[in-house]
>>> print(open('model06.cif').read())   # mmCIF, C-alpha atoms and all ligand atoms
data_final
loop_
_atom_site.label_atom_id
_atom_site.label_comp_id
_atom_site.auth_asym_id
_atom_site.auth_seq_id
_atom_site.Cartn_x
_atom_site.Cartn_y
_atom_site.Cartn_z
CA MET X 447 -5.10 5.84 -22.30
CA MET X 448 -5.18 2.87 -19.95
CA ALA X 449 -2.26 2.50 -17.59
CA LEU X 450 -1.20 0.43 -14.63
CA ILE X 451 -0.80 2.72 -11.63
CA VAL X 452 0.47 1.92 -8.15
CA GLN X 453 -0.93 4.18 -5.43
CA LYS X 454 0.38 4.10 -1.87
CA TYR X 455 -1.61 5.63 0.97
CA GLY X 456 0.13 6.39 4.27
CA GLY X 457 -1.13 6.04 7.82
CA THR X 458 -2.83 9.42 8.13
CA SER X 459 -4.54 8.90 4.78
CA VAL X 460 -6.23 5.73 6.08
CA GLY X 461 -6.43 7.00 9.67
CA SER X 462 -10.22 6.82 10.06
CA VAL X 463 -13.27 5.25 8.46
CA GLU X 464 -14.04 8.54 6.74
CA ARG X 465 -10.52 8.73 5.32
CA ILE X 466 -10.62 5.13 4.15
CA LYS X 467 -13.83 5.94 2.28
CA ASN X 468 -12.08 8.95 0.82
CA VAL X 469 -9.22 6.75 -0.41
CA ALA X 470 -11.74 4.36 -1.95
CA ARG X 471 -13.43 7.23 -3.79
CA ARG X 472 -10.13 8.35 -5.28
CA VAL X 473 -9.19 4.82 -6.31
CA ALA X 474 -12.65 4.33 -7.83
CA ARG X 475 -12.22 7.48 -9.92
CA TRP X 476 -8.93 6.19 -11.37
CA LYS X 477 -10.50 2.81 -11.98
CA HIS X 478 -13.49 4.34 -13.76
CA ALA X 479 -11.11 6.35 -15.89
CA GLY X 480 -9.99 3.00 -17.26
CA HIS X 481 -6.77 2.34 -15.34
CA GLN X 482 -5.54 -0.77 -13.60
CA LEU X 483 -4.87 -0.06 -9.93
CA VAL X 484 -2.61 -1.62 -7.35
CA VAL X 485 -3.14 0.12 -4.02
CA VAL X 486 -0.63 -0.21 -1.19
CA VAL X 487 -1.72 0.86 2.27
CA SER X 488 -0.09 1.51 5.63
CA ALA X 489 -1.50 0.76 9.04
CA MET X 490 -3.94 3.39 10.36
CA SER X 491 -1.95 6.26 11.88
CA GLY X 492 -0.59 5.51 15.33
CA GLU X 493 -1.29 1.81 14.97
CA THR X 494 2.29 0.62 14.38
CA ASN X 495 3.46 2.61 17.41
CA ARG X 496 0.63 1.13 19.47
CA LEU X 497 1.58 -2.41 18.45
CA ILE X 498 5.25 -1.86 19.27
CA ALA X 499 4.34 -0.45 22.70
CA LEU X 500 2.12 -3.46 23.33
CA ALA X 501 4.94 -5.86 22.50
CA LYS X 502 7.31 -3.94 24.76
CA GLU X 503 4.92 -4.24 27.68
CA ILE X 504 5.34 -7.99 27.43
CA GLN X 505 9.02 -7.99 26.62
CA PRO X 506 11.18 -4.83 26.80
CA HIS X 507 13.30 -6.07 23.89
CA PRO X 508 10.76 -8.07 21.91
CA LEU X 509 11.84 -11.11 19.93
CA ALA X 510 12.36 -9.70 16.45
CA ARG X 511 10.50 -12.49 14.69
CA GLU X 512 7.45 -12.09 16.91
CA LEU X 513 7.59 -8.31 16.77
CA ASP X 514 7.27 -8.56 13.00
CA VAL X 515 4.24 -10.78 13.36
CA VAL X 516 2.66 -8.22 15.67
CA MET X 517 3.58 -5.18 13.56
CA ALA X 518 2.37 -6.73 10.33
CA THR X 519 -1.19 -6.89 11.68
CA GLY X 520 -1.66 -3.13 11.33
CA GLU X 521 -1.47 -3.22 7.55
CA GLN X 522 -3.61 -6.35 7.37
CA VAL X 523 -6.52 -4.48 8.93
CA SER X 524 -6.14 -1.59 6.48
CA ILE X 525 -6.14 -3.69 3.29
CA ALA X 526 -9.39 -5.44 4.16
CA LEU X 527 -11.11 -2.19 5.18
CA VAL X 528 -10.02 -0.49 1.95
CA ALA X 529 -11.16 -3.47 -0.12
CA MET X 530 -14.55 -3.34 1.63
CA ALA X 531 -14.84 0.40 1.06
CA LEU X 532 -14.15 -0.17 -2.65
CA SER X 533 -16.67 -2.95 -2.81
CA ALA X 534 -19.24 -0.68 -1.17
CA LEU X 535 -18.70 1.68 -4.11
CA GLY X 536 -19.28 -1.15 -6.55
CA VAL X 537 -15.61 -1.60 -7.40
CA LYS X 538 -14.28 -5.17 -7.44
CA ALA X 539 -11.34 -5.32 -5.04
CA LYS X 540 -9.19 -7.98 -3.44
CA SER X 541 -6.82 -7.62 -0.50
CA TYR X 542 -3.40 -9.27 -0.30
CA THR X 543 -0.96 -9.50 2.59
CA GLY X 544 2.72 -9.34 1.68
CA ALA X 545 3.02 -13.10 2.06
CA GLN X 546 -0.03 -13.70 -0.14
CA VAL X 547 1.54 -11.68 -2.94
CA LYS X 548 4.80 -13.35 -2.18
CA ILE X 549 6.91 -10.35 -1.51
CA LEU X 550 10.05 -12.29 -0.80
CA THR X 551 12.53 -10.67 1.58
CA ASP X 552 15.72 -11.60 3.38
CA SER X 553 15.40 -12.75 7.00
CA VAL X 554 16.52 -9.59 8.78
CA PHE X 555 13.47 -9.12 10.98
CA THR X 556 12.28 -5.52 11.49
CA LYS X 557 14.39 -4.24 8.59
CA ALA X 558 14.15 -6.84 5.87
CA ARG X 559 15.02 -6.10 2.26
CA ILE X 560 12.81 -7.06 -0.65
CA MET X 561 14.43 -9.61 -2.94
CA ASN X 562 11.63 -10.57 -5.27
CA VAL X 563 7.97 -9.79 -5.95
CA GLU X 564 5.81 -12.44 -7.53
CA GLU X 565 3.48 -10.83 -10.05
CA LYS X 566 1.53 -13.80 -11.39
CA ASN X 567 -1.52 -13.64 -9.11
CA ILE X 568 -1.71 -9.88 -9.18
CA ARG X 569 -1.59 -9.79 -12.97
CA ARG X 570 -4.32 -12.40 -13.17
CA ASP X 571 -6.61 -10.47 -10.81
CA LEU X 572 -5.89 -7.19 -12.58
CA ALA X 573 -6.83 -8.81 -15.87
CA ASP X 574 -10.06 -9.97 -14.23
CA GLY X 575 -10.87 -6.36 -13.40
CA TYR X 576 -9.98 -6.27 -9.71
CA VAL X 577 -8.34 -3.44 -7.84
CA ILE X 578 -5.55 -5.06 -5.85
CA VAL X 579 -5.01 -3.80 -2.30
CA VAL X 580 -1.63 -4.82 -0.88
CA ALA X 581 -0.37 -4.51 2.69
CA GLY X 582 2.67 -2.25 2.80
CA PHE X 583 5.67 -2.70 5.08
CA GLN X 584 5.64 -6.51 5.08
CA GLY X 585 6.92 -9.54 3.29
CA MET X 586 7.92 -13.13 3.83
CA ASP X 587 11.35 -14.73 3.94
CA GLY X 588 12.39 -17.93 2.18
CA ALA X 589 11.33 -20.02 5.19
CA GLY X 590 7.85 -18.47 5.27
CA ASN X 591 8.44 -16.14 8.23
CA ILE X 592 6.63 -12.82 8.23
CA THR X 593 9.06 -9.90 7.95
CA THR X 594 8.75 -6.12 8.03
CA LEU X 595 10.73 -3.58 6.05
CA GLY X 596 11.66 -0.92 8.59
CA ARG X 597 9.64 2.12 9.65
CA GLY X 598 8.11 3.92 6.71
CA GLY X 599 8.49 0.73 4.67
CA SER X 600 5.16 0.93 2.87
CA ASP X 601 6.75 3.41 0.48
CA THR X 602 9.20 0.71 -0.50
CA THR X 603 6.42 -1.84 -1.00
CA GLY X 604 4.76 0.61 -3.38
CA VAL X 605 7.89 1.19 -5.40
CA ALA X 606 8.82 -2.51 -5.47
CA LEU X 607 5.39 -3.40 -6.85
CA ALA X 608 5.61 -0.60 -9.40
CA ALA X 609 9.01 -1.92 -10.49
CA ALA X 610 7.89 -5.55 -10.66
CA LEU X 611 4.72 -4.73 -12.59
CA ASN X 612 6.41 -2.13 -14.75
CA ALA X 613 3.76 0.39 -13.68
CA GLU X 614 3.33 3.69 -15.44
CA GLU X 615 3.77 5.58 -12.17
CA CYS X 616 4.07 5.05 -8.43
CA GLN X 617 2.02 7.67 -6.60
CA ILE X 618 2.75 8.19 -2.91
CA TYR X 619 -0.30 9.81 -1.29
CA THR X 620 0.38 11.40 2.06
CA ASP X 621 -0.64 14.26 4.37
CA VAL X 622 1.41 16.92 2.53
CA ASP X 623 1.01 17.78 -1.14
CA GLY X 624 4.57 17.02 -2.15
CA VAL X 625 8.20 17.23 -1.15
CA TYR X 626 9.01 20.61 0.36
CA THR X 627 12.21 22.59 0.71
CA THR X 628 12.10 21.44 4.33
CA ASP X 629 9.55 19.89 6.69
CA PRO X 630 6.55 22.23 6.37
CA ARG X 631 5.60 21.42 9.96
CA ILE X 632 8.75 23.16 11.13
CA VAL X 633 8.95 25.94 8.59
CA PRO X 634 5.55 27.22 7.44
CA GLU X 635 7.31 29.22 4.70
CA ALA X 636 8.63 26.02 3.12
CA ARG X 637 7.85 25.67 -0.59
CA ARG X 638 6.68 22.61 -2.48
CA LEU X 639 9.19 21.49 -5.09
CA GLN X 640 7.79 20.63 -8.51
CA THR X 641 10.65 18.24 -9.05
CA ILE X 642 13.59 16.95 -7.08
CA THR X 643 16.32 14.67 -8.40
CA PHE X 644 16.75 11.13 -7.11
CA GLU X 645 20.18 12.08 -5.87
CA GLU X 646 18.81 14.95 -3.82
CA MET X 647 15.84 12.96 -2.56
CA LEU X 648 18.19 10.19 -1.45
CA GLU X 649 20.26 12.68 0.51
CA MET X 650 17.18 14.35 2.00
CA ALA X 651 15.79 10.98 3.06
CA SER X 652 19.04 9.70 4.51
CA LEU X 653 19.65 12.98 6.34
CA GLY X 654 16.31 12.90 8.09
CA SER X 655 13.38 13.89 5.83
CA LYS X 656 10.95 11.10 6.47
CA VAL X 657 8.53 11.93 3.69
CA LEU X 658 9.87 8.92 1.73
CA GLN X 659 11.65 5.88 3.12
CA ILE X 660 15.20 5.95 1.79
CA ARG X 661 14.98 2.46 0.34
CA SER X 662 11.98 3.42 -1.76
CA VAL X 663 14.03 6.17 -3.37
CA GLU X 664 16.98 3.84 -3.96
CA PHE X 665 14.67 1.27 -5.51
CA ALA X 666 12.92 3.78 -7.74
CA GLY X 667 16.25 5.17 -8.92
CA ARG X 668 17.64 1.73 -9.67
CA TYR X 669 14.60 0.46 -11.56
CA GLY X 670 13.59 3.71 -13.20
CA VAL X 671 10.20 3.92 -11.47
CA LYS X 672 8.39 7.18 -12.03
CA LEU X 673 7.79 8.32 -8.45
CA ARG X 674 5.48 11.12 -7.35
CA VAL X 675 4.48 12.43 -3.91
CA LEU X 676 0.93 13.82 -3.64
CA SER X 677 -1.71 14.83 -1.10
CA SER X 678 -4.46 12.38 -0.29
CA PHE X 679 -6.60 15.25 1.02
CA GLU X 680 -6.67 17.34 -2.12
CA GLU X 681 -8.50 16.53 -5.31
CA GLU X 682 -6.07 18.22 -7.65
CA GLY X 683 -2.37 18.92 -7.70
CA GLU X 684 0.78 17.79 -9.43
CA GLY X 685 2.66 16.99 -6.23
CA THR X 686 6.39 16.49 -6.58
CA LEU X 687 7.97 14.32 -9.23
CA ILE X 688 11.26 12.66 -8.41
CA THR X 689 13.33 13.02 -11.56
CA LEU X 690 16.50 11.65 -13.01
CA GLU X 691 17.72 14.85 -14.55
CA GLU X 692 18.17 18.10 -12.78
CA ASP X 693 15.30 20.18 -14.10
CA ARG X 694 17.02 23.06 -15.85
CA LYS X 695 13.85 25.09 -16.02
CA MET X 696 13.94 25.44 -12.29
CA GLU X 697 15.65 28.54 -11.04
CA GLN X 698 19.29 27.65 -10.49
CA ALA X 699 18.98 27.28 -6.77
CA THR X 700 22.19 26.25 -5.07
CA ILE X 701 20.27 24.57 -2.28
CA SER X 702 17.16 22.51 -2.99
CA GLY X 703 16.26 21.55 0.53
CA ILE X 704 17.16 21.35 4.18
CA ALA X 705 16.96 18.12 6.16
CA PHE X 706 17.51 17.60 9.85
CA ASN X 707 17.58 14.77 12.32
CA ARG X 708 17.79 14.29 16.03
CA ASP X 709 18.75 10.62 15.87
CA GLU X 710 22.44 10.93 16.58
CA ALA X 711 24.75 11.26 19.54
CA LYS X 712 28.27 12.61 19.70
CA ILE X 713 31.28 11.07 21.38
CA THR X 714 34.64 12.77 21.90
CA VAL X 715 37.81 11.03 22.96
CA LEU X 716 40.01 13.70 24.54
CA GLY X 717 43.76 13.71 24.74
CA VAL X 718 44.91 10.70 22.73
CA PRO X 719 48.40 10.46 21.22
CA ASP X 720 48.47 12.08 17.77
CA ARG X 721 49.98 9.17 15.82
CA PRO X 722 49.13 6.85 12.93
CA GLY X 723 46.63 4.15 13.84
CA ILE X 724 44.81 6.06 16.53
CA ALA X 725 41.60 6.40 14.50
CA TYR X 726 41.66 2.68 13.90
CA GLN X 727 42.21 1.94 17.57
CA ILE X 728 39.13 3.95 18.45
CA LEU X 729 36.79 3.14 15.58
CA GLY X 730 37.85 -0.47 15.03
CA PRO X 731 36.10 -1.76 18.18
CA ILE X 732 33.08 0.45 17.40
CA GLY X 733 32.76 -1.17 13.98
CA ASP X 734 33.32 -4.62 15.46
CA ALA X 735 30.35 -3.96 17.74
CA ASN X 736 28.21 -3.30 14.63
CA ILE X 737 27.80 0.35 15.47
CA ASP X 738 27.61 2.63 12.45
CA VAL X 739 29.59 5.83 12.60
CA ASP X 740 28.43 8.89 10.71
CA MET X 741 30.54 12.03 11.08
CA ILE X 742 34.16 11.89 12.15
CA VAL X 743 36.40 14.78 13.14
CA GLN X 744 39.99 14.62 14.31
CA ASN X 745 41.31 17.87 15.64
CA VAL X 746 44.71 19.31 14.88
CA GLY X 747 47.00 18.04 17.56
CA HIS X 748 49.39 19.94 19.77
CA ASP X 749 52.10 18.62 22.08
CA GLY X 750 51.66 15.26 20.36
CA MET X 751 48.09 14.91 21.58
CA THR X 752 44.76 15.26 19.82
CA ASP X 753 40.98 14.97 20.30
CA PHE X 754 38.81 12.68 18.22
CA SER X 755 35.03 13.07 17.77
CA PHE X 756 32.40 11.06 15.95
CA THR X 757 28.65 10.53 15.87
CA VAL X 758 26.61 7.34 16.17
CA HIS X 759 22.90 6.60 16.21
CA ARG X 760 21.35 7.56 19.54
CA ASN X 761 20.23 3.99 20.13
CA ASP X 762 23.88 2.95 20.03
CA TYR X 763 25.19 5.74 22.26
CA HIS X 764 25.44 3.83 25.54
CA LYS X 765 26.74 0.73 23.83
CA ALA X 766 29.46 2.83 22.16
CA LEU X 767 30.52 4.32 25.49
CA GLU X 768 30.79 0.79 26.92
CA VAL X 769 32.88 -0.37 23.96
CA LEU X 770 35.24 2.57 24.47
CA LYS X 771 36.00 1.83 28.13
CA PRO X 772 38.87 -0.57 27.40
CA VAL X 773 39.93 1.65 24.49
CA LYS X 774 40.38 4.51 26.93
CA GLN X 775 42.79 2.33 28.89
CA HIS X 776 45.09 1.25 26.11
CA THR X 777 45.09 4.49 24.11
CA LYS X 778 45.72 6.37 27.37
CA ALA X 779 43.00 8.84 26.45
CA ARG X 780 42.54 11.59 29.01
CA GLU X 781 38.75 11.43 28.98
CA ILE X 782 35.77 10.30 26.94
CA ILE X 783 32.84 12.67 26.83
CA GLY X 784 29.67 12.81 24.81
CA GLY X 785 26.04 13.69 24.61
CA ASP X 786 22.89 12.70 22.87
CA ASN X 787 21.49 16.22 22.73
CA ILE X 788 22.70 17.08 19.26
CA ALA X 789 20.99 17.62 15.95
CA LYS X 790 22.32 17.44 12.43
CA VAL X 791 21.07 20.03 9.97
CA SER X 792 21.93 19.45 6.31
CA LEU X 793 21.79 21.61 3.21
CA VAL X 794 21.19 19.54 0.06
CA GLY X 795 21.44 20.56 -3.57
CA VAL X 796 22.91 19.27 -6.82
CA GLY X 797 23.47 22.90 -7.77
CA MET X 798 25.91 23.49 -4.93
CA ARG X 799 29.16 24.41 -6.65
CA SER X 800 31.40 25.73 -3.95
CA HIS X 801 31.16 24.12 -0.57
CA ALA X 802 33.27 26.83 0.92
CA GLY X 803 30.77 29.44 -0.19
CA ILE X 804 27.74 27.50 1.04
CA ALA X 805 29.38 26.64 4.31
CA SER X 806 30.46 30.18 5.03
CA SER X 807 26.98 31.59 4.30
CA ALA X 808 25.54 28.95 6.59
CA PHE X 809 28.02 29.73 9.36
CA ARG X 810 27.28 33.44 9.15
CA ALA X 811 23.53 32.82 9.39
CA LEU X 812 23.97 30.54 12.40
CA ALA X 813 26.46 32.85 14.09
CA GLU X 814 24.01 35.74 13.86
CA GLU X 815 21.64 33.67 16.00
CA GLY X 816 24.39 32.65 18.40
CA ILE X 817 24.21 29.00 17.36
CA ASN X 818 27.49 27.19 17.91
CA ILE X 819 28.70 24.68 15.31
CA GLN X 820 30.06 21.45 16.76
CA MET X 821 30.92 19.45 13.66
CA ILE X 822 30.76 19.80 9.89
CA SER X 823 30.88 17.35 7.03
CA THR X 824 30.43 17.78 3.30
CA SER X 825 29.87 15.67 0.22
CA GLU X 826 29.31 16.67 -3.41
CA ILE X 827 25.73 17.68 -2.84
CA LYS X 828 25.41 18.34 0.87
CA VAL X 829 26.79 20.23 3.83
CA SER X 830 25.88 18.84 7.26
CA ILE X 831 26.29 20.76 10.49
CA VAL X 832 25.97 19.40 14.01
CA ILE X 833 24.53 21.77 16.59
CA ASP X 834 22.90 21.66 20.01
CA GLU X 835 19.53 19.95 19.65
CA LYS X 836 17.66 22.79 21.30
CA TYR X 837 18.44 25.06 18.34
CA THR X 838 17.21 22.65 15.64
CA GLU X 839 14.08 24.48 14.61
CA LEU X 840 15.69 27.90 14.82
CA ALA X 841 18.66 26.74 12.73
CA VAL X 842 16.43 25.23 10.05
CA ARG X 843 14.35 28.41 9.83
CA VAL X 844 17.38 30.68 9.71
CA LEU X 845 19.09 28.63 7.01
CA HIS X 846 15.89 28.32 5.03
CA LYS X 847 15.70 32.08 4.91
CA ALA X 848 19.42 32.65 4.35
CA PHE X 849 19.37 30.47 1.24
CA ASN X 850 16.28 32.18 -0.15
CA LEU X 851 14.10 29.11 0.14
CA ASP X 852 11.22 30.93 1.86
CA GLN X 853 8.03 31.20 -0.10
CA ALA X 854 7.59 34.61 -1.69
CA ALA X 855 5.11 36.37 0.61
P1 LIG Q 901 2.80 8.72 5.58
O1 LIG Q 901 2.14 8.25 6.83
O2 LIG Q 901 1.83 9.14 4.52
O3 LIG Q 901 3.83 7.76 5.07
P2 LIG Q 901 4.90 10.33 6.71
O4 LIG Q 901 4.59 10.92 8.04
O5 LIG Q 901 5.76 9.14 6.65
O6 LIG Q 901 3.52 10.08 5.96
O7 LIG Q 901 5.56 11.45 5.78
C1 LIG Q 901 4.92 12.70 5.58
C2 LIG Q 901 5.49 13.74 6.54
O8 LIG Q 901 6.85 13.97 6.21
C3 LIG Q 901 4.87 15.10 6.46
O9 LIG Q 901 3.73 15.20 7.28
C4 LIG Q 901 6.00 16.04 6.89
O10 LIG Q 901 5.83 16.50 8.21
C5 LIG Q 901 7.24 15.17 6.84
N1 LIG Q 901 8.34 15.80 6.08
C6 LIG Q 901 9.62 15.88 6.50
N2 LIG Q 901 10.37 16.51 5.61
C7 LIG Q 901 9.57 16.85 4.57
C8 LIG Q 901 9.78 17.53 3.32
N3 LIG Q 901 10.98 17.98 2.96
N4 LIG Q 901 8.71 17.68 2.51
C9 LIG Q 901 7.50 17.21 2.85
N5 LIG Q 901 7.25 16.58 4.02
C10 LIG Q 901 8.26 16.39 4.87
N1 LIG Q 902 3.11 1.32 9.31
C1 LIG Q 902 4.53 1.33 9.14
C2 LIG Q 902 5.15 2.43 9.98
O1 LIG Q 902 4.45 3.12 10.69
C3 LIG Q 902 4.94 1.46 7.70
C4 LIG Q 902 4.54 2.74 7.01
O2 LIG Q 902 3.66 3.46 7.46
O3 LIG Q 902 5.10 3.02 5.94
O4 LIG Q 902 6.35 2.58 9.98
MG MG Q 903 5.81 7.35 5.62
#
>>> encode(input="model06.cif", output="structure tokens")
Amino acid sequence: MMALIVQKYGGTSVGSVERIKNVARRVARWKHAGHQLVVVVSAMSGETNRLIALAKEIQPHPLARELDVVMATGEQVSIALVAMALSALGVKAKSYTGAQVKILTDSVFTKARIMNVEEKNIRRDLADGYVIVVAGFQGMDGAGNITTLGRGGSDTTGVALAAALNAEECQIYTDVDGVYTTDPRIVPEARRLQTITFEEMLEMASLGSKVLQIRSVEFAGRYGVKLRVLSSFEEEGEGTLITLEEDRKMEQATISGIAFNRDEAKITVLGVPDRPGIAYQILGPIGDANIDVDMIVQNVGHDGMTDFSFTVHRNDYHKALEVLKPVKQHTKAREIIGGDNIAKVSLVGVGMRSHAGIASSAFRALAEEGINIQMISTSEIKVSIVIDEKYTELAVRVLHKAFNLDQAA
């Protein structure tokens, strides 16, 4: 049965000439099986970081428009090399940059959003028997400027093409053979999940699991794209399918996965008057400065005073402290303290019924290792805990075991 398939290959998967040839062999097999193929590729591993470092040597805070022009070159190299490797195997292939496809984005350089994908040229070339090789991570705004989609954005290119072309499936080939209960680099006992729901994958991605860019998951959920994560190094394997429905065949695990990130910093405003409006007085200026706030905790006051803590992205930490200087004055806060040495560890699962139960099991497991909990927040399908960064890996391992996620030995 002939189908249109979108395959996306990440940086490690195209990281060397040998690996590019390997990608071409896989694509050729699918092509020979009678399918139409659109292949999205990332820059060779390390290349995007190298390009950013280069730009920063010239200008510590590079002009965003020019940075996008620089960063987009990484993927442009990959598409041509993959097209050549296909051609060397006798497979007709044609490379396309994002602008050549006309992947139209907004104008927010370095984190642009895809607004439209033109399919006309791709459809024509597919009909003519070509494999189409598209540069991930990049697009073009209405004025013709080159844009990029944020780190990890090639995933989103893949899903957007799959949605626009109504592809049978979007296959994300990477250096692990699926989505695991947690990052298998941190916990060797992590298990591959056969399926994970969009809802859970969204949480995992937004809480720090970088296996899929969060926008790719949003996009796939919204447009009903069948999304699968697979290994580019293995010939066989089902990988992990991102599903709409919770798969009832799966054991009724309360927790599906554990995510973590070290991207946040914590700020505490000590000794402010415990009265209505105080949260607004503190967080209003933070919001006005375009700083996103994640977790917020206001302690129970005593003697009419209270403490107020929240987390921001680490990149915004110093800016947030600056913004709070005048706030300290007019709220008469005793002191503002903070640190960027925290980590957020999150338990995710649609099967989590009682947060109290999950949270208390988690606290016991952490307490047994002497790990102090600084902040907690919950939503329907997650419990997040902020701890000292130096305990991140230990905490993830301990929780992974406590919730029976370890692979059966
Ligand atoms: P690519 O270059 O192919 O896009 P990424 O490095 O972006 O690959 O994503 C794959 C990596 O994601 C893996 O090597 C793994 O270390 C990491 N990862 C983090 N959390 C998970 C998870 N829950 N399951 C699988 N991989 C994960
Ligand atoms: N090359 C880009 C990055 O490193 C995009 C991607 O790999 O998905 O972020
Ligand atoms: Mg990636």
>>> residues_near_ligand(input="model06.cif", ligand="ligand MG 903 (chain Q)", cutoff="9 Å", atoms="only C-alpha atoms and all ligand atoms", output="number ranges by chain")
X: 455-457, 488, 597-601, 620, 656-659
>>> write_last_selection(input="model06.cif", atoms="C-alpha atoms", output="tab-separated table (two decimals), in the frame of the given file")
chain	number	residue	atom	x	y	z
X	455	TYR	CA	-1.61	5.63	0.97
X	456	GLY	CA	0.13	6.39	4.27
X	457	GLY	CA	-1.13	6.04	7.82
X	488	SER	CA	-0.09	1.51	5.63
X	597	ARG	CA	9.64	2.12	9.65
X	598	GLY	CA	8.11	3.92	6.71
X	599	GLY	CA	8.49	0.73	4.67
X	600	SER	CA	5.16	0.93	2.87
X	601	ASP	CA	6.75	3.41	0.48
X	620	THR	CA	0.38	11.40	2.06
X	656	LYS	CA	10.95	11.10	6.47
X	657	VAL	CA	8.53	11.93	3.69
X	658	LEU	CA	9.87	8.92	1.73
X	659	GLN	CA	11.65	5.88	3.12
>>> residues_around(input="model06.cif", residues="Met448 in chain X", least_positions_apart="5", cutoff="9 Å", atoms="all atoms listed in the file", output="ChimeraX atom specification")
/X:479-482
>>> closest_residue(input="model06.cif", among="X:Glu710, X:Glu646, X:Glu615, X:Glu664", to="Thr602 in chain X", atoms="all atoms listed in the file")
X:Glu664
>>> atom_distance(input="model06.cif", atom1="CA of Ala779 in chain X", atom2="CA of Pro719 in chain X")
7.7 Å
>>> atom_distance(input="model06.cif", atom1="CA of Asp720 in chain X", atom2="CA of Asp738 in chain X")
23.5 Å
>>> closest_residue(input="model06.cif", among="X:Ala735, X:Val773, X:Met751, X:Leu607", to="Arg721 in chain X", atoms="only C-alpha atoms")
X:Met751
>>> closest_residue(input="model06.cif", among="X:Phe679, X:Tyr837, X:Trp476, X:Phe583", to="ligand LIG 902 (chain Q)", atoms="only C-alpha atoms and all ligand atoms")
X:Phe583
>>> residues_near_point(input="model06.cif", point="(16.2, -10.6, 6.9)", cutoff="12 Å", atoms="only C-alpha atoms", output="short mmCIF file (atom, residue, chain, number, x, y, z; two decimals) with C-alpha atoms, keeping the file's coordinate frame")
data_model
loop_
_atom_site.label_atom_id
_atom_site.label_comp_id
_atom_site.auth_asym_id
_atom_site.auth_seq_id
_atom_site.Cartn_x
_atom_site.Cartn_y
_atom_site.Cartn_z
CA ALA X 510 12.36 -9.70 16.45
CA ARG X 511 10.50 -12.49 14.69
CA ASP X 514 7.27 -8.56 13.00
CA LEU X 550 10.05 -12.29 -0.80
CA THR X 551 12.53 -10.67 1.58
CA ASP X 552 15.72 -11.60 3.38
CA SER X 553 15.40 -12.75 7.00
CA VAL X 554 16.52 -9.59 8.78
CA PHE X 555 13.47 -9.12 10.98
CA THR X 556 12.28 -5.52 11.49
CA LYS X 557 14.39 -4.24 8.59
CA ALA X 558 14.15 -6.84 5.87
CA ARG X 559 15.02 -6.10 2.26
CA ILE X 560 12.81 -7.06 -0.65
CA MET X 561 14.43 -9.61 -2.94
CA GLN X 584 5.64 -6.51 5.08
CA GLY X 585 6.92 -9.54 3.29
CA MET X 586 7.92 -13.13 3.83
CA ASP X 587 11.35 -14.73 3.94
CA GLY X 588 12.39 -17.93 2.18
CA ALA X 589 11.33 -20.02 5.19
CA GLY X 590 7.85 -18.47 5.27
CA ASN X 591 8.44 -16.14 8.23
CA ILE X 592 6.63 -12.82 8.23
CA THR X 593 9.06 -9.90 7.95
CA THR X 594 8.75 -6.12 8.03
CA LEU X 595 10.73 -3.58 6.05
CA GLY X 596 11.66 -0.92 8.59
#
>>> atom_distance(input="model06.cif", atom1="CA of Gly685 in chain X", atom2="CA of Val547 in chain X")
28.9 Å
>>> residues_around(input="model06.cif", residues="Ala526 in chain X", least_positions_apart="5", cutoff="12 Å", atoms="all atoms listed in the file", output="ChimeraX atom specification")
/X:460,466,470,485-489,519-521,531-533,539-543,578-581
>>> closest_residue(input="model06.cif", among="X:Ala808, X:Thr752, X:Asn707, X:Met821", to="Thr838 in chain X", atoms="all atoms listed in the file")
X:Asn707
>>> axis_aligned_box(input="model06.cif", around="range 718-734 of chain X", padding_each_side="6 Å", output="AutoDock Vina command-line options")
--center_x 41.4 --center_y 3.7 --center_z 17.8 --size_x 29.2 --size_y 28.7 --size_z 21.8
>>> residues_around(input="model06.cif", residues="His764 in chain X", least_positions_apart="2", cutoff="10 Å", atoms="all atoms listed in the file", output="list in words")
Ala711, Arg760, Asn761, Asp762, Ala766, Leu767, Glu768, Val769, Leu770, Gly784, Gly785 and Asp786 of chain X
>>> closest_residue(input="model06.cif", among="X:Val633, X:Val794, X:Leu851, X:Val523", to="ligand LIG 902 (chain Q)", atoms="all atoms listed in the file")
X:Val523
>>> residues_around(input="model06.cif", residues="Leu812 in chain X", least_positions_apart="3", cutoff="8 Å", atoms="all atoms listed in the file", output="list of chain:residue names")
X:Ala808, X:Phe809, X:Glu815, X:Gly816, X:Ile817, X:Asn818, X:Ala841, X:Val844, X:Leu845
>>> closest_residue(input="model06.cif", among="X:Leu648, X:Leu611, X:Ile660, X:Ile831", to="ligand LIG 902 (chain Q)", atoms="only C-alpha atoms and all ligand atoms")
X:Ile660
>>> residues_around(input="model06.cif", residues="range 714-716 of chain X", least_positions_apart="2", cutoff="8 Å", atoms="all atoms listed in the file", output="list in words")
Lys712, Val718, Thr752, Asp753, Phe754, Ser755, Phe756, Ala779, Arg780, Glu781, Ile782, Ile783 and Gly784 of chain X
>>> residues_near_point(input="model06.cif", point="(25.1, 24.9, 2.8)", cutoff="6 Å", atoms="all atoms listed in the file", output="short mmCIF file (atom, residue, chain, number, x, y, z; two decimals) with C-alpha atoms, in the frame of the given file")
data_model
loop_
_atom_site.label_atom_id
_atom_site.label_comp_id
_atom_site.auth_asym_id
_atom_site.auth_seq_id
_atom_site.Cartn_x
_atom_site.Cartn_y
_atom_site.Cartn_z
CA LEU X 793 21.79 21.61 3.21
CA ILE X 804 27.74 27.50 1.04
CA ALA X 805 29.38 26.64 4.31
CA ALA X 808 25.54 28.95 6.59
CA VAL X 829 26.79 20.23 3.83
#
